[in-house]
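Here the structure is laid out as structure tokens; the discussion comes afterwards.
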Amino acid sequence: MSSPQSSLPEATAPDRATALKELALLFLRLGTTAFGGPAAHIAMMEDEVVRRRKWLTRDEFVDLLGAANLIPGPNSTELAIHIGHRRGGWPGLVVAGVCFILPAFLIVGAIGWAYSRFGSLPRVDALLYGVKAVIIAVVLQALWGLLRNVVKTRLAAAVGVVSVTAAFLGVHELLLLLLAGLAVLLWRAGERSRRRPPGPPLAQDPVPARAATREAPPASPGGSGSTTAAVLPLWPVVPVTGALATAVPFSLSGLFLFFVKVGSVLYGSGYVLLAFLRSDLVERYGWLTEAQLLDAVAVGQVTPGPVFTTATFIGYVLGGASGAVLATVGIFLPAFIFVALSGPLVPRLRRSWVAGAFLDGVNVASLALMAVVTWQLGRAALVDAWTVGLAAVSAVLLIRFRVNSAWLVLGGGAVGMLLAR
């Protein structure tokens, strides 16, 4: 009997309605409590779906993370959509993604309303003071578990060290992922050529040891069933800016299409998003001022859930409730489409030694990027003895007593508010 983690779920394993309810409740809660950006979101998802619920193995989770990193858009949201697809099929894909986005949309929309009416942002410094310290412990715990599962060979360790160094030197994330995947692929190809005995060529390459431990899922409906997996779709990063720097009249349709374009081509961190928004909305279109843009990015950073809900705030400021809805749908819609196209291919990648080797390299580089982000978060979050102590206590509660990370985040926020008095 196949495990539910090894293939896309059927209606009876588990019951589809139960699976969708579980997905909705989990991602509504994560969307409400997942502060700290993509690295923190990924850590909290790993805690829930791997350690606690055992919906996925760590290998499967890392494969989905690597696949999410290869497509443009918000990585943690795409990971949530991948998990939903794996757990609940096509309905699960929609439920997990929408439920992860919805709390942040409502929170940021309310802030956008208050900002439009009163002209200022609420102060959340004290709340984030405690939350950020807890997030460091949550991310480190997840990162350690994932690294132990992925970095098992000298080759993986070497690729990881080089990837961390390259990330610190500013190498673009997509280039780093592709180079790491190619490095592992070329190394494995060399090993196979050295091991292959002389004689007539083999009819079919043997499956590597790591891939053999995974149960191959059935081919997707309508697929050929070939063991050669299709390559994940990669979209080039095309510039959003145009040559003409002239004010453009605002329209809701223009707002929607702009955010569809951003969601379709954007790789990288919130700083890359800031550059995209500034070049078009401030300089080219003249829809926002510099101050409004910085306030929008700040809202996306300090609220729970996806950072891309920056678009919700901008949409409300520019077009009220309708603008908030259209901007949010526009920036997240490509993520659903990309995952729908690439998600069914991820399990099949392990049936091809070429695609499997490439994905192994991508997985190592993905965790290297997560480690670099964690270092940067730690420098910003652990600023005094209180925050260091809070992070240490959180780590003990998380590792020794397995306290749910959502409760730790809420507790950290409460401690931060008390210390600020």
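Chain labels follow the order of the structure tokens: the first chain is A, the next B, and so on; residue numbering restarts at 1 in every chain, and ligands are counted from 1 in their shown order.
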Legend entry - Within 8 Å of stretch 155-167 of chain A using only C-alpha atoms, minus same-chain residues under 4 positions, as a ChimeraX atom specification: /A:150-151,171-173,176,180,183-184,361,364-365,367-369,371-372
Spatial neighbours of A:Val131, 6 Å, only C-alpha atoms, chain gap at least 2 places, as an mmCIF file with N, CA, C and O atoms, in the first residue's frame:
```
data_model
loop_
_atom_site.group_PDB
_atom_site.id
_atom_site.type_symbol
_atom_site.label_atom_id
_atom_site.label_comp_id
_atom_site.auth_asym_id
_atom_site.auth_seq_id
_atom_site.Cartn_x
_atom_site.Cartn_y
_atom_site.Cartn_z
ATOM 1 N N LEU A 128 7.062 43.460 16.864
ATOM 2 C CA LEU A 128 8.076 42.804 16.047
ATOM 3 C C LEU A 128 9.372 42.576 16.812
ATOM 4 O O LEU A 128 10.137 41.664 16.482
ATOM 5 N N TYR A 129 9.635 43.378 17.829
ATOM 6 C CA TYR A 129 10.831 43.207 18.656
ATOM 7 C C TYR A 129 10.893 41.783 19.220
ATOM 8 O O TYR A 129 11.945 41.130 19.196
ATOM 9 N N ALA A 133 12.793 37.722 17.242
ATOM 10 C CA ALA A 133 13.703 36.862 17.997
ATOM 11 C C ALA A 133 13.217 35.416 17.974
ATOM 12 O O ALA A 133 14.013 34.477 17.816
ATOM 13 N N VAL A 134 11.915 35.216 18.128
ATOM 14 C CA VAL A 134 11.356 33.862 18.082
ATOM 15 C C VAL A 134 11.521 33.261 16.690
ATOM 16 O O VAL A 134 11.848 32.071 16.547
ATOM 17 N N VAL A 409 5.389 32.271 18.290
ATOM 18 C CA VAL A 409 5.352 33.586 17.645
ATOM 19 C C VAL A 409 4.424 34.527 18.407
ATOM 20 O O VAL A 409 4.771 35.688 18.675
ATOM 21 N N GLY A 412 6.102 35.484 21.624
ATOM 22 C CA GLY A 412 7.165 36.455 21.400
ATOM 23 C C GLY A 412 6.624 37.858 21.229
ATOM 24 O O GLY A 412 7.192 38.834 21.728
ATOM 25 N N GLY A 413 5.505 37.979 20.483
ATOM 26 C CA GLY A 413 4.880 39.283 20.327
ATOM 27 C C GLY A 413 4.416 39.858 21.650
ATOM 28 O O GLY A 413 4.588 41.050 21.929
#
```
Legend entry - Spatial neighbours of stretch 108-124 of chain A, 9 Å, only C-alpha atoms, chain gap at least 5 places, as an MDAnalysis selection string: chainID A and resid 103 129 295:296 299:300 302:303 309:310 312:317 320:321 324:325
Would you output that residue set with N, CA and C atoms, as a PDB file, in the first residue's frame?
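Output contents, as saved in out30.pdb:
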```pdb
ATOM      1  N   PRO A 103      -5.604  35.811   5.157  1.00  0.00           N
ATOM      2  CA  PRO A 103      -5.445  36.615   6.379  1.00  0.00           C
ATOM      3  C   PRO A 103      -4.611  37.870   6.156  1.00  0.00           C
ATOM      4  N   TYR A 129       9.635  43.378  17.829  1.00  0.00           N
ATOM      5  CA  TYR A 129      10.831  43.207  18.656  1.00  0.00           C
ATOM      6  C   TYR A 129      10.893  41.783  19.220  1.00  0.00           C
ATOM      7  N   ASP A 295       6.141  53.200   2.650  1.00  0.00           N
ATOM      8  CA  ASP A 295       5.132  52.753   3.615  1.00  0.00           C
ATOM      9  C   ASP A 295       4.519  51.423   3.182  1.00  0.00           C
ATOM     10  N   ALA A 296       4.274  51.259   1.876  1.00  0.00           N
ATOM     11  CA  ALA A 296       3.699  50.013   1.368  1.00  0.00           C
ATOM     12  C   ALA A 296       4.627  48.826   1.611  1.00  0.00           C
ATOM     13  N   VAL A 299       4.635  47.868   5.290  1.00  0.00           N
ATOM     14  CA  VAL A 299       3.442  47.107   5.664  1.00  0.00           C
ATOM     15  C   VAL A 299       3.608  45.641   5.274  1.00  0.00           C
ATOM     16  N   GLY A 300       4.113  45.392   4.065  1.00  0.00           N
ATOM     17  CA  GLY A 300       4.320  44.018   3.633  1.00  0.00           C
ATOM     18  C   GLY A 300       5.313  43.272   4.500  1.00  0.00           C
ATOM     19  N   VAL A 302       6.023  43.916   7.842  1.00  0.00           N
ATOM     20  CA  VAL A 302       5.689  43.787   9.268  1.00  0.00           C
ATOM     21  C   VAL A 302       4.398  43.020   9.522  1.00  0.00           C
ATOM     22  N   THR A 303       3.648  42.703   8.487  1.00  0.00           N
ATOM     23  CA  THR A 303       2.419  41.936   8.677  1.00  0.00           C
ATOM     24  C   THR A 303       2.700  40.458   8.403  1.00  0.00           C
ATOM     25  N   THR A 309       1.811  40.882  -0.278  1.00  0.00           N
ATOM     26  CA  THR A 309       0.591  41.648   0.025  1.00  0.00           C
ATOM     27  C   THR A 309       0.884  43.144   0.113  1.00  0.00           C
ATOM     28  N   THR A 310       2.125  43.524  -0.094  1.00  0.00           N
ATOM     29  CA  THR A 310       2.433  44.924  -0.385  1.00  0.00           C
ATOM     30  C   THR A 310       1.511  45.438  -1.489  1.00  0.00           C
ATOM     31  N   THR A 312      -1.542  44.607  -2.006  1.00  0.00           N
ATOM     32  CA  THR A 312      -2.858  44.896  -1.443  1.00  0.00           C
ATOM     33  C   THR A 312      -2.920  46.327  -0.939  1.00  0.00           C
ATOM     34  N   PHE A 313      -1.888  46.731  -0.211  1.00  0.00           N
ATOM     35  CA  PHE A 313      -1.828  48.083   0.345  1.00  0.00           C
ATOM     36  C   PHE A 313      -1.806  49.118  -0.772  1.00  0.00           C
ATOM     37  N   ILE A 314      -0.960  48.890  -1.765  1.00  0.00           N
ATOM     38  CA  ILE A 314      -0.867  49.831  -2.882  1.00  0.00           C
ATOM     39  C   ILE A 314      -2.208  49.916  -3.605  1.00  0.00           C
ATOM     40  N   GLY A 315      -2.830  48.753  -3.826  1.00  0.00           N
ATOM     41  CA  GLY A 315      -4.114  48.741  -4.507  1.00  0.00           C
ATOM     42  C   GLY A 315      -5.169  49.525  -3.759  1.00  0.00           C
ATOM     43  N   TYR A 316      -5.187  49.421  -2.420  1.00  0.00           N
ATOM     44  CA  TYR A 316      -6.179  50.171  -1.637  1.00  0.00           C
ATOM     45  C   TYR A 316      -5.900  51.662  -1.694  1.00  0.00           C
ATOM     46  N   VAL A 317      -4.634  52.040  -1.561  1.00  0.00           N
ATOM     47  CA  VAL A 317      -4.291  53.462  -1.598  1.00  0.00           C
ATOM     48  C   VAL A 317      -4.680  54.078  -2.942  1.00  0.00           C
ATOM     49  N   GLY A 320      -8.984  52.035  -3.689  1.00  0.00           N
ATOM     50  CA  GLY A 320      -9.944  51.589  -2.701  1.00  0.00           C
ATOM     51  C   GLY A 320     -10.026  50.072  -2.620  1.00  0.00           C
ATOM     52  N   ALA A 321     -11.156  49.548  -2.149  1.00  0.00           N
ATOM     53  CA  ALA A 321     -11.323  48.109  -1.955  1.00  0.00           C
ATOM     54  C   ALA A 321     -11.182  47.349  -3.271  1.00  0.00           C
ATOM     55  N   ALA A 324      -7.569  47.056  -4.121  1.00  0.00           N
ATOM     56  CA  ALA A 324      -6.878  46.086  -3.264  1.00  0.00           C
ATOM     57  C   ALA A 324      -7.105  44.668  -3.767  1.00  0.00           C
ATOM     58  N   VAL A 325      -8.342  44.364  -4.130  1.00  0.00           N
ATOM     59  CA  VAL A 325      -8.657  43.014  -4.623  1.00  0.00           C
ATOM     60  C   VAL A 325      -7.936  42.739  -5.939  1.00  0.00           C
TER      61      VAL A 325
END
```
Legend entry - Best match for closeness to A:Ser251 among A:Leu266, A:Ser322, A:Ala34, A:Gly411, counting only C-alpha atoms: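 Closest candidate: A:Ser322.
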Inset, instruction - Could you tell me, as a VMD selection string, which residues of stretch 231-407 of chain A DSSP assigns to alpha helix (DSSP H) when given the backbone? - result: chain A and resid 252 to 265 270 to 277 290 to 302 310 to 342 346 to 349 353 to 381 385 to 399 405 to 407
Inset, instruction - Could you check how far atom CA of A:Glu46 sits from atom CA of A:Pro91, in Å to one decimal? - result: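 Separating atom CA of A:Glu46 from atom CA of A:Pro91 is a distance of 21.3 Å.
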Legend entry - Residues within 12 Å of A:Ile81, only C-alpha atoms, excluding chain neighbours under 3 positions, as a VMD selection string: chain A and resid 23 to 24 27 45 64 to 65 67 to 68 73 to 78 84 to 101 332 to 344
Inset, instruction - Can you work out which one of A:His82, A:His41, A:Lys152, A:Arg194 has the shortest atom-to-atom distance to A:Glu60, counting only C-alpha atoms? - result: A:His82
Legend entry - Of the listed residues A:Ile331, A:Ala298, A:Leu398, A:Ala357, that which approaches A:Arg52 most closely, counting only C-alpha atoms: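 For A:Arg52, the nearest of the given residues is A:Leu398.
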Inset, instruction - Using atom CA of A:Ala392 and atom CA of A:Ala126 as the two end points, give the distance in Å to one decimal. - result: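 Distance reported for this atom pair: 19.0 Å.
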